[in-house]
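Below is one structure, written out as structure tokens; comments come after it.
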Amino acid sequence: MSKLKQSSPESPARPFQYTSTNGPLSCGAHSLVDLAGQHQTPLYVYSADQIAERLGLFQQALANRPHLVCYAVKANSALAILKLLADHGAGFDIVSGGELARVQAAAPEAIGRVVFSGAGKSAEEIDQALEAGILAFNVESEAELALLASRAARRKRKARFSLRVNPDVFAETHPYISTGLREHKFGIDIRQARRIYQEAAGNRWLSAHGVSVHIGSQIRSAEPFGAAVTRVARLVRELAKDGIRLKTVDAGGGLGIDYHLELTEGFDAQAKIAEYAAAVEAALAGLDVTLLLEPGRFLVAQAGALLARVLYVKRNGKKTFVVTDAAMNDLIRPALYQAFHQIVPVIPRPGKAVPVDIVGPVCETGDFFAHDRKFQPVQPGDLIAILDAGAYGMAQSSNYNTRPRPAEVLVSGSSARLIRRRETVADLLAPEIV
Ligand SMILES: *Cc1c(COP(=O)(O)O)cnc(C)c1O
């Protein structure tokens with residue numbers, strides 16, 4: 001990975017930067033001190049410019065082939081972010097009726113660019129998507145295909161589908177987010193796919209639109225993507241011999257980022273995307289299909305930070321704990337995946353960095369953001385920023401410990417807009433009955 005390319009205002013490769021050596025950390029023109037003062041903490045801050053830039057890089061890298069980038073809504077489902085991406089031409093990959101409703105609320109004009117993934121679609125969700133007129137269902141089992149056919153017949157609406165095949169490709173990532181092996185619950189064994197397409201060809205309510213594959217998340221190398229799409233391309237050629245001409249190949253999402261990258265290091269997202277697109281394109285050589293991609297993390301992770309305020313600094317034996325007002329309910333990745341996030345002070349204090357644990361107030365030992373991390377001195381009241389938190393941060397947040405979820409701010413050029421107000425305890429109690 002190139003460390004040479006430093007970000008500049010025109011190229012928001014790293015959207016969070018110190019305005020001077022003494023800070024404060026800023027997102028574009030906005031000091032995080034000011035944003036925290038205005039909206040309190042914990043607070044998610046996102047750079048719209050970086051999200052749009054990333055989408056543009058995918059679109060440019062695929063310029064030589066008909067394509068559609070379907071943003072994986074589950075990575076960050078904020079309505080304002082969906083709208084931003086739709087305005088820049090993105091489609092969407094959804095995994096629930098709730099996510100479909102989000103796209104309908106934020107960007108109804110983009111419904112025709114929606115693909116619906118997920119191993120457990122209910123009849124209601126299928127009906128909702130048929131009614132909305134999405135682009136295609138990514139079907140994960142024969143039973144789901146049968147249900148789709150019967151729901152389509154009832155509504156007298158033809159359903160476009162892609163089989164999500166399981167290519168039996170190993171991708172090195174965390175075991176919870178690896179999905180492309182036969183032993184995983186995802187997709188249809190690629191060896192069964194040809195027969196299923198042949199059988200579906202006889203059903204007037206089903207239209208074989210494409211084929212999809214998704215091998216996992218946070219995959220840093222391009223090679224497994226190429227291997228998976230190579231297997232899919234072979235299937236497309238076999239089906240063509242059977243007279244079944246698929247229009248799309250959906251290569252899924254999963255391209256990973258470097259969570260260890262320090263703020264001062266540049267990051268060449270363009271080179272990373274180009275390498276990935278080249279691997280997929282090489283596998284598709286000679287095939288006349290539209291390429292769909294479903295990136296989530298790579299579009300939004302580095303665009304976001306979680307701002308937190310230090311509540312206490314305490315020593316237990318040899319250990320120093322920095323207790324913040326953000327907790328595992330706001331960002332669960334460290335607890336769930338042992339994930340690493342860079343954490344930086346918003347206004348650095350002089351002094352020697354010492355190892356600390358950075359933790360939240362929740363009554364769980366798993367409630368941590370960093371263990372034994374060398375950190376410059378901090379005091380109660382200081383602000384810290386947990387970086388690369390734009391993906392699977394707010395989206396996986398919860399109300400554990402009856403903690404209202406954070407507010408969210410979207411920075412775009414000179415504007416910084418509240419896109420979700422902080423929850424109140426009243427919001428949390430509202431659905432309950434004593
Ligand atoms: C989660 C998921 C994605 C997005 O994965 P990222 O790693 O965030 O890019 C895309 N497609 C499917 C089917 C998924 O389940």
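Labels used: A, B, ... for chains in the order of the structure tokens, numbers from 1 for residues in each chain, and numbers from 1 for ligands as shown.
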- Task: Dump the neighbourhood of ligand 1 as a VMD selection string: all residues within 10 Å, distances computed on only C-alpha atoms and all ligand atoms.
- Result: chain A and resid 70 to 76 92 to 95 115 to 119 138 140 164 177 to 179 186 to 187 212 to 219 250 to 257 293 to 301 391 to 392
- Query: Could you pull the residues within 9 Å of Leu32 (chain A), counting only C-alpha atoms, minus those fewer than 2 positions along the same chain, as number ranges by chain?
  - Reply: A: 24-27, 30, 34-37, 45, 307, 346, 383, 385
Contact residues around Gln40 (chain A) with only C-alpha atoms at 9 Å, ignoring same-chain residues under 5 positions, as a PDB file with all heavy atoms, in the first residue's frame:
```pdb
ATOM      1  N   LEU A  35     -17.900  20.881  16.581  1.00  0.00           N
ATOM      2  CA  LEU A  35     -19.021  19.963  16.339  1.00  0.00           C
ATOM      3  C   LEU A  35     -19.458  19.288  17.637  1.00  0.00           C
ATOM      4  O   LEU A  35     -20.661  19.133  17.893  1.00  0.00           O
ATOM      5  CB  LEU A  35     -18.644  18.913  15.287  1.00  0.00           C
ATOM      6  CG  LEU A  35     -18.454  19.445  13.860  1.00  0.00           C
ATOM      7  CD1 LEU A  35     -18.068  18.307  12.905  1.00  0.00           C
ATOM      8  CD2 LEU A  35     -19.712  20.151  13.354  1.00  0.00           C
ATOM      9  N   ALA A 308     -15.760  11.048  21.091  1.00  0.00           N
ATOM     10  CA  ALA A 308     -16.154  10.756  22.473  1.00  0.00           C
ATOM     11  C   ALA A 308     -15.424  11.689  23.420  1.00  0.00           C
ATOM     12  O   ALA A 308     -14.359  12.215  23.083  1.00  0.00           O
ATOM     13  CB  ALA A 308     -15.818   9.306  22.816  1.00  0.00           C
ATOM     14  N   ARG A 309     -15.998  11.892  24.598  1.00  0.00           N
ATOM     15  CA  ARG A 309     -15.348  12.727  25.590  1.00  0.00           C
ATOM     16  C   ARG A 309     -14.824  11.851  26.725  1.00  0.00           C
ATOM     17  O   ARG A 309     -15.469  10.862  27.092  1.00  0.00           O
ATOM     18  CB  ARG A 309     -16.330  13.770  26.140  1.00  0.00           C
ATOM     19  CG  ARG A 309     -15.653  15.022  26.654  1.00  0.00           C
ATOM     20  CD  ARG A 309     -16.635  16.089  27.053  1.00  0.00           C
ATOM     21  NE  ARG A 309     -17.193  16.884  25.972  1.00  0.00           N
ATOM     22  CZ  ARG A 309     -16.561  17.868  25.320  1.00  0.00           C
ATOM     23  NH1 ARG A 309     -15.325  18.193  25.634  1.00  0.00           N
ATOM     24  NH2 ARG A 309     -17.163  18.536  24.358  1.00  0.00           N
ATOM     25  N   PRO A 406     -26.025   7.758  19.553  1.00  0.00           N
ATOM     26  CA  PRO A 406     -25.432   9.059  19.253  1.00  0.00           C
ATOM     27  C   PRO A 406     -26.170   9.818  18.159  1.00  0.00           C
ATOM     28  O   PRO A 406     -26.927   9.233  17.387  1.00  0.00           O
ATOM     29  CB  PRO A 406     -24.031   8.713  18.742  1.00  0.00           C
ATOM     30  CG  PRO A 406     -23.783   7.308  19.088  1.00  0.00           C
ATOM     31  CD  PRO A 406     -25.102   6.648  19.268  1.00  0.00           C
ATOM     32  N   ALA A 407     -25.902  11.094  18.075  1.00  0.00           N
ATOM     33  CA  ALA A 407     -26.307  11.898  16.925  1.00  0.00           C
ATOM     34  C   ALA A 407     -25.298  11.655  15.801  1.00  0.00           C
ATOM     35  O   ALA A 407     -24.214  11.117  16.028  1.00  0.00           O
ATOM     36  CB  ALA A 407     -26.338  13.377  17.311  1.00  0.00           C
ATOM     37  N   ARG A 422     -29.739  13.113  18.341  1.00  0.00           N
ATOM     38  CA  ARG A 422     -29.443  12.162  19.416  1.00  0.00           C
ATOM     39  C   ARG A 422     -30.753  11.570  19.925  1.00  0.00           C
ATOM     40  O   ARG A 422     -31.753  12.280  20.046  1.00  0.00           O
ATOM     41  CB  ARG A 422     -28.735  12.919  20.550  1.00  0.00           C
ATOM     42  CG  ARG A 422     -28.280  12.074  21.727  1.00  0.00           C
ATOM     43  CD  ARG A 422     -27.451  12.915  22.684  1.00  0.00           C
ATOM     44  NE  ARG A 422     -26.320  13.523  21.957  1.00  0.00           N
ATOM     45  CZ  ARG A 422     -25.238  12.853  21.585  1.00  0.00           C
ATOM     46  NH1 ARG A 422     -25.094  11.596  21.891  1.00  0.00           N
ATOM     47  NH2 ARG A 422     -24.288  13.457  20.914  1.00  0.00           N
TER      48      ARG A 422
END
```
Counting only C-alpha atoms, which residues of region 271-365 of chain A fall within 12 Å of region 410-420 of chain A, and what is the closest atom pair for each with its distance in Å at one decimal, ordered by chain and rising number, as CSV?
```
residue,atom,partner,partner_atom,distance
A:Val300,CA,A:Leu410,CA,11.8
A:Ala303,CA,A:Leu410,CA,9.7
A:Gly304,CA,A:Leu410,CA,9.1
A:Ala305,CA,A:Leu410,CA,10.9
```
- Please, which residues of region 77-195 of chain A, numbered as in this document, come out helix (DSSP H, G or I) from DSSP, as an MDAnalysis selection string? chainID A and resid 79:87 97:106 108:113 123:132 142:155 175:177 190:195
- Pro361 (chain A) environment, 8 Å, only C-alpha atoms, sequence neighbours closer than 6 positions dropped, as an MDAnalysis selection string: chainID A and resid 323:327 367
Using all heavy atoms, can you export the residues from the last selection as an mmCIF file, in the first residue's frame?
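Below you can see result_30.cif, which holds the result:
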```
data_model
loop_
_atom_site.group_PDB
_atom_site.id
_atom_site.type_symbol
_atom_site.label_atom_id
_atom_site.label_comp_id
_atom_site.auth_asym_id
_atom_site.auth_seq_id
_atom_site.Cartn_x
_atom_site.Cartn_y
_atom_site.Cartn_z
ATOM 1 N N VAL A 323 -11.759 6.251 30.585
ATOM 2 C CA VAL A 323 -13.182 5.935 30.461
ATOM 3 C C VAL A 323 -13.851 7.051 29.671
ATOM 4 O O VAL A 323 -13.778 8.224 30.054
ATOM 5 C CB VAL A 323 -13.852 5.810 31.849
ATOM 6 C CG1 VAL A 323 -15.313 5.371 31.698
ATOM 7 C CG2 VAL A 323 -13.073 4.846 32.747
ATOM 8 N N THR A 324 -14.494 6.662 28.561
ATOM 9 C CA THR A 324 -15.114 7.674 27.689
ATOM 10 C C THR A 324 -16.635 7.594 27.770
ATOM 11 O O THR A 324 -17.193 6.620 28.275
ATOM 12 C CB THR A 324 -14.715 7.457 26.215
ATOM 13 O OG1 THR A 324 -15.395 6.299 25.715
ATOM 14 C CG2 THR A 324 -13.216 7.275 26.062
ATOM 15 N N ASP A 325 -17.282 8.610 27.213
ATOM 16 C CA ASP A 325 -18.751 8.581 27.212
ATOM 17 C C ASP A 325 -19.312 7.787 26.042
ATOM 18 O O ASP A 325 -20.531 7.632 25.933
ATOM 19 C CB ASP A 325 -19.343 9.999 27.272
ATOM 20 C CG ASP A 325 -19.010 10.861 26.065
ATOM 21 O OD1 ASP A 325 -18.308 10.373 25.146
ATOM 22 O OD2 ASP A 325 -19.445 12.027 26.036
ATOM 23 N N ALA A 326 -18.447 7.272 25.169
ATOM 24 C CA ALA A 326 -18.900 6.324 24.141
ATOM 25 C C ALA A 326 -18.642 4.916 24.664
ATOM 26 O O ALA A 326 -17.733 4.703 25.478
ATOM 27 C CB ALA A 326 -18.155 6.535 22.833
ATOM 28 N N ALA A 327 -19.446 3.969 24.189
ATOM 29 C CA ALA A 327 -19.321 2.601 24.696
ATOM 30 C C ALA A 327 -19.571 1.598 23.585
ATOM 31 O O ALA A 327 -19.844 1.966 22.436
ATOM 32 C CB ALA A 327 -20.312 2.386 25.836
ATOM 33 N N ASP A 367 -16.415 -4.195 26.856
ATOM 34 C CA ASP A 367 -16.681 -2.797 26.492
ATOM 35 C C ASP A 367 -15.379 -2.013 26.436
ATOM 36 O O ASP A 367 -15.030 -1.292 27.367
ATOM 37 C CB ASP A 367 -17.639 -2.160 27.505
ATOM 38 C CG ASP A 367 -17.994 -0.730 27.111
ATOM 39 O OD1 ASP A 367 -17.893 -0.412 25.917
ATOM 40 O OD2 ASP A 367 -18.365 0.057 27.999
#
```
- Task: Return as a list in words the full set of residues in region 188-306 of chain A whose backbone-based DSSP assignment is strand (DSSP E or B).
- Result: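 DSSP-assigned strand (DSSP E or B) residues in region 188-306 of chain A: Ile188, Asp189, Leu206, Ser207, Ala208, His209, Gly210, Val211, Ser212, Gly216, Ile219, Thr248, Val249, Asp250, Leu255, Thr290, Leu291, Leu292, Leu293, Gly304, Ala305 and Leu306 of chain A.
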- From A:Val289, A:Met394, A:Cys363, A:Val280, residue lying nearest Phe225 (chain A) [only C-alpha atoms]: A:Val280
- Message: Using only C-alpha atoms for the distances, tell me which of A:Ser162, A:Ser141, A:Arg65, A:Glu125 is nearest to Gly286 (chain A).
- Response: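 Ranking A:Ser162, A:Ser141, A:Arg65, A:Glu125 by distance to Gly286 (chain A), first place goes to A:Arg65.
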- If we count only C-alpha atoms, what is near Gln379 (chain A) at a cut-off of 12 Å, once residues fewer than 5 positions away on the same chain are taken out, given as a ChimeraX atom specification? /A:309-314,321-324,345,347-350,384
Output for the residues just chosen: all heavy atoms as a short mmCIF file (atom, residue, chain, number, x, y, z; two decimals), in the first residue's frame:
```cif
data_model
loop_
_atom_site.label_atom_id
_atom_site.label_comp_id
_atom_site.auth_asym_id
_atom_site.auth_seq_id
_atom_site.Cartn_x
_atom_site.Cartn_y
_atom_site.Cartn_z
N ARG A 309 -16.00 11.89 24.60
CA ARG A 309 -15.35 12.73 25.59
C ARG A 309 -14.82 11.85 26.73
O ARG A 309 -15.47 10.86 27.09
CB ARG A 309 -16.33 13.77 26.14
CG ARG A 309 -15.65 15.02 26.65
CD ARG A 309 -16.63 16.09 27.05
NE ARG A 309 -17.19 16.88 25.97
CZ ARG A 309 -16.56 17.87 25.32
NH1 ARG A 309 -15.33 18.19 25.63
NH2 ARG A 309 -17.16 18.54 24.36
N VAL A 310 -13.65 12.20 27.22
CA VAL A 310 -13.09 11.45 28.34
C VAL A 310 -13.82 11.84 29.62
O VAL A 310 -13.94 13.04 29.94
CB VAL A 310 -11.57 11.75 28.48
CG1 VAL A 310 -11.00 11.08 29.73
CG2 VAL A 310 -10.83 11.31 27.22
N LEU A 311 -14.33 10.82 30.32
CA LEU A 311 -15.03 11.08 31.58
C LEU A 311 -14.07 10.97 32.77
O LEU A 311 -14.08 11.81 33.66
CB LEU A 311 -16.16 10.07 31.78
CG LEU A 311 -17.29 10.07 30.74
CD1 LEU A 311 -18.27 8.95 31.03
CD2 LEU A 311 -18.00 11.42 30.74
N TYR A 312 -13.27 9.92 32.77
CA TYR A 312 -12.35 9.66 33.90
C TYR A 312 -11.07 9.06 33.38
O TYR A 312 -11.07 8.38 32.34
CB TYR A 312 -12.97 8.65 34.88
CG TYR A 312 -14.30 9.07 35.43
CD1 TYR A 312 -15.47 8.54 34.92
CD2 TYR A 312 -14.39 10.01 36.45
CE1 TYR A 312 -16.71 8.93 35.39
CE2 TYR A 312 -15.63 10.41 36.94
CZ TYR A 312 -16.78 9.87 36.40
OH TYR A 312 -17.99 10.26 36.87
N VAL A 313 -10.00 9.31 34.11
CA VAL A 313 -8.76 8.58 33.87
C VAL A 313 -8.42 7.95 35.20
O VAL A 313 -8.27 8.64 36.21
CB VAL A 313 -7.62 9.54 33.43
CG1 VAL A 313 -6.34 8.75 33.20
CG2 VAL A 313 -8.02 10.29 32.15
N LYS A 314 -8.34 6.61 35.24
CA LYS A 314 -8.10 5.97 36.53
C LYS A 314 -7.09 4.86 36.42
O LYS A 314 -6.91 4.26 35.35
CB LYS A 314 -9.40 5.46 37.11
CG LYS A 314 -10.04 4.29 36.40
CD LYS A 314 -11.27 3.86 37.19
CE LYS A 314 -11.69 2.45 36.88
NZ LYS A 314 -12.83 2.03 37.68
N PHE A 321 -6.79 3.28 32.85
CA PHE A 321 -8.01 3.22 32.06
C PHE A 321 -8.48 4.63 31.72
O PHE A 321 -8.57 5.48 32.60
CB PHE A 321 -9.14 2.51 32.83
CG PHE A 321 -8.88 1.04 33.02
CD1 PHE A 321 -8.25 0.57 34.17
CD2 PHE A 321 -9.27 0.13 32.04
CE1 PHE A 321 -8.01 -0.78 34.33
CE2 PHE A 321 -9.04 -1.23 32.20
CZ PHE A 321 -8.40 -1.69 33.35
N VAL A 322 -8.77 4.82 30.45
CA VAL A 322 -9.41 6.06 30.01
C VAL A 322 -10.87 5.71 29.76
O VAL A 322 -11.18 4.93 28.86
CB VAL A 322 -8.74 6.60 28.73
CG1 VAL A 322 -9.48 7.83 28.21
CG2 VAL A 322 -7.26 6.92 28.98
N VAL A 323 -11.76 6.25 30.58
CA VAL A 323 -13.18 5.93 30.46
C VAL A 323 -13.85 7.05 29.67
O VAL A 323 -13.78 8.22 30.05
CB VAL A 323 -13.85 5.81 31.85
CG1 VAL A 323 -15.31 5.37 31.70
CG2 VAL A 323 -13.07 4.85 32.75
N THR A 324 -14.49 6.66 28.56
CA THR A 324 -15.11 7.67 27.69
C THR A 324 -16.64 7.59 27.77
O THR A 324 -17.19 6.62 28.28
CB THR A 324 -14.72 7.46 26.22
OG1 THR A 324 -15.39 6.30 25.72
CG2 THR A 324 -13.22 7.28 26.06
N PRO A 345 -6.30 11.87 19.96
CA PRO A 345 -6.88 13.00 20.69
C PRO A 345 -7.27 14.10 19.71
O PRO A 345 -6.60 14.28 18.70
CB PRO A 345 -5.73 13.47 21.59
CG PRO A 345 -4.49 13.03 20.89
CD PRO A 345 -4.83 11.80 20.10
N ILE A 347 -7.41 17.38 20.49
CA ILE A 347 -6.34 18.37 20.72
C ILE A 347 -5.23 17.67 21.49
O ILE A 347 -5.38 17.39 22.68
CB ILE A 347 -6.86 19.58 21.54
CG1 ILE A 347 -7.98 20.27 20.75
CG2 ILE A 347 -5.72 20.55 21.83
CD1 ILE A 347 -8.50 21.52 21.42
N PRO A 348 -4.14 17.32 20.81
CA PRO A 348 -3.07 16.58 21.47
C PRO A 348 -2.43 17.40 22.59
O PRO A 348 -2.23 18.60 22.44
CB PRO A 348 -2.07 16.32 20.34
CG PRO A 348 -2.78 16.63 19.07
CD PRO A 348 -3.84 17.63 19.40
N ARG A 349 -2.19 16.74 23.71
CA ARG A 349 -1.47 17.38 24.83
C ARG A 349 -0.02 16.96 24.75
O ARG A 349 0.28 15.83 24.36
CB ARG A 349 -2.02 16.89 26.18
CG ARG A 349 -3.36 17.44 26.52
CD ARG A 349 -3.79 16.89 27.88
NE ARG A 349 -5.16 17.30 28.15
CZ ARG A 349 -5.49 18.48 28.66
NH1 ARG A 349 -4.54 19.37 28.97
NH2 ARG A 349 -6.76 18.79 28.87
N PRO A 350 0.86 17.86 25.15
CA PRO A 350 2.28 17.46 25.17
C PRO A 350 2.49 16.39 26.25
O PRO A 350 1.69 16.27 27.18
CB PRO A 350 3.00 18.76 25.53
CG PRO A 350 1.98 19.64 26.14
CD PRO A 350 0.64 19.22 25.62
N ILE A 384 -11.71 12.65 22.21
CA ILE A 384 -10.93 11.71 21.38
C ILE A 384 -11.77 11.33 20.18
O ILE A 384 -13.00 11.43 20.21
CB ILE A 384 -10.50 10.44 22.16
CG1 ILE A 384 -11.73 9.65 22.60
CG2 ILE A 384 -9.61 10.79 23.35
CD1 ILE A 384 -11.39 8.24 23.05
#
```
- Message: What's around Ala228 (chain A) at 10 Å? Count only C-alpha atoms, leave out sequence neighbours fewer than 2 positions away in its own chain, and write the answer as a PyMOL selection string.
- Response: chain A and resi 165-171+180+213-215+223-226+230-233+251+280+283
Just write the chosen residues, N, CA, C and O atoms, as a CSV table (one decimal), in the first residue's frame.
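After the write, out-v4.csv holds the following:
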```csv
chain,number,residue,atom,x,y,z
A,165,VAL,N,-24.5,-17.7,-5.7
A,165,VAL,CA,-23.8,-18.9,-5.6
A,165,VAL,C,-22.7,-18.9,-4.6
A,165,VAL,O,-22.1,-17.8,-4.3
A,166,ASN,N,-22.4,-20.0,-4.0
A,166,ASN,CA,-21.3,-20.1,-3.1
A,166,ASN,C,-20.1,-20.8,-3.9
A,166,ASN,O,-20.2,-21.9,-4.2
A,167,PRO,N,-19.1,-20.0,-4.1
A,167,PRO,CA,-18.0,-20.5,-5.0
A,167,PRO,C,-17.0,-21.4,-4.4
A,167,PRO,O,-16.1,-21.9,-5.1
A,168,ASP,N,-17.1,-21.6,-3.1
A,168,ASP,CA,-16.2,-22.4,-2.3
A,168,ASP,C,-14.7,-21.8,-2.5
A,168,ASP,O,-13.8,-22.5,-2.9
A,169,VAL,N,-14.7,-20.5,-2.2
A,169,VAL,CA,-13.4,-19.8,-2.3
A,169,VAL,C,-13.0,-19.3,-0.9
A,169,VAL,O,-13.9,-18.8,-0.2
A,170,PHE,N,-11.8,-19.5,-0.5
A,170,PHE,CA,-11.4,-19.1,0.9
A,170,PHE,C,-10.9,-17.7,0.8
A,170,PHE,O,-10.0,-17.4,0.0
A,171,ALA,N,-11.4,-16.8,1.7
A,171,ALA,CA,-10.9,-15.5,1.8
A,171,ALA,C,-10.4,-15.2,3.2
A,171,ALA,O,-11.2,-15.5,4.1
A,180,GLY,N,-17.7,-17.3,1.9
A,180,GLY,CA,-17.7,-17.9,0.6
A,180,GLY,C,-17.3,-19.4,0.6
A,180,GLY,O,-16.9,-19.9,-0.5
A,213,VAL,N,-22.4,-13.3,-6.2
A,213,VAL,CA,-21.5,-14.0,-5.4
A,213,VAL,C,-21.0,-13.0,-4.3
A,213,VAL,O,-20.9,-11.8,-4.7
A,214,HIS,N,-20.8,-13.4,-3.1
A,214,HIS,CA,-20.2,-12.5,-2.1
A,214,HIS,C,-19.4,-13.4,-1.1
A,214,HIS,O,-20.0,-14.2,-0.5
A,215,ILE,N,-18.1,-13.1,-1.1
A,215,ILE,CA,-17.3,-14.1,-0.4
A,215,ILE,C,-16.9,-13.7,1.1
A,215,ILE,O,-16.3,-14.5,1.8
A,223,GLU,N,-7.1,-11.0,-4.9
A,223,GLU,CA,-7.0,-12.4,-5.5
A,223,GLU,C,-8.3,-13.2,-5.3
A,223,GLU,O,-8.8,-13.8,-6.3
A,224,PRO,N,-8.8,-13.3,-4.1
A,224,PRO,CA,-10.0,-14.2,-3.9
A,224,PRO,C,-11.2,-13.7,-4.7
A,224,PRO,O,-12.0,-14.5,-5.1
A,225,PHE,N,-11.3,-12.4,-4.9
A,225,PHE,CA,-12.4,-11.9,-5.7
A,225,PHE,C,-12.3,-12.4,-7.1
A,225,PHE,O,-13.3,-12.8,-7.7
A,226,GLY,N,-11.0,-12.3,-7.6
A,226,GLY,CA,-10.8,-12.8,-9.0
A,226,GLY,C,-11.2,-14.3,-9.1
A,226,GLY,O,-11.8,-14.7,-10.1
A,230,THR,N,-14.1,-15.8,-11.4
A,230,THR,CA,-13.7,-16.8,-12.5
A,230,THR,C,-14.7,-18.0,-12.5
A,230,THR,O,-15.1,-18.4,-13.5
A,231,ARG,N,-15.0,-18.4,-11.3
A,231,ARG,CA,-15.9,-19.6,-11.2
A,231,ARG,C,-17.3,-19.2,-11.7
A,231,ARG,O,-18.0,-20.0,-12.3
A,232,VAL,N,-17.7,-18.0,-11.3
A,232,VAL,CA,-19.0,-17.5,-11.7
A,232,VAL,C,-19.1,-17.3,-13.3
A,232,VAL,O,-20.1,-17.7,-13.9
A,233,ALA,N,-18.0,-16.8,-13.8
A,233,ALA,CA,-17.9,-16.6,-15.3
A,233,ALA,C,-18.1,-18.0,-16.0
A,233,ALA,O,-18.7,-18.0,-17.1
A,251,ALA,N,-20.6,-9.1,-8.3
A,251,ALA,CA,-19.4,-9.6,-7.6
A,251,ALA,C,-19.4,-9.4,-6.1
A,251,ALA,O,-18.5,-9.6,-5.4
A,280,VAL,N,-11.4,-8.5,-11.0
A,280,VAL,CA,-12.8,-8.9,-11.4
A,280,VAL,C,-13.0,-8.8,-12.9
A,280,VAL,O,-13.5,-9.8,-13.6
A,283,ALA,N,-11.5,-11.7,-14.8
A,283,ALA,CA,-12.3,-12.9,-14.7
A,283,ALA,C,-13.5,-12.9,-15.7
A,283,ALA,O,-14.0,-13.9,-16.1
```
- Residue with the minimum atom-to-atom distance to Ala277 (chain A), picked from A:Asp330, A:Asn399, A:Leu292, A:Glu364 with only C-alpha atoms counted, is A:Leu292
- Task: Within 10 Å of region 126-132 of chain A, counting only C-alpha atoms, which residues show up once you throw out same-chain ones fewer than 5 positions away? Write them as a list in words, please.
- Result: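 Skipping anything fewer than 5 positions along the chain leaves Ser96, Gly97, Leu100, Ala101, Gln104, Pro108, Ile111, Gly112, Val114, Val115, Phe116, Lys121, Phe137, Glu144, Leu147, Leu148, Arg151, Ala152, Arg154, Arg155, Lys156, Arg157, Lys158, Ala159 and Arg160 of chain A.
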- Message: What does the structure give for the distance between CA of Lys83 (chain A) and CA of Asp427 (chain A), in Å to one decimal?
- Response: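 A separation of 24.6 Å between them.
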- Closest to Gln60 (chain A) among A:Thr19, A:Gln342, A:Gln270, A:Ser221, using only C-alpha atoms?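 Using only C-alpha atoms, Gln60 (chain A) sits closest to A:Gln270.
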- Task: For each of A:Leu235, A:Leu79, A:Ala426, A:Glu99, take the minimum atom-to-atom distance to Leu284 (chain A), counting only C-alpha atoms, then give the residue where this is smallest.
- Result: A:Leu235
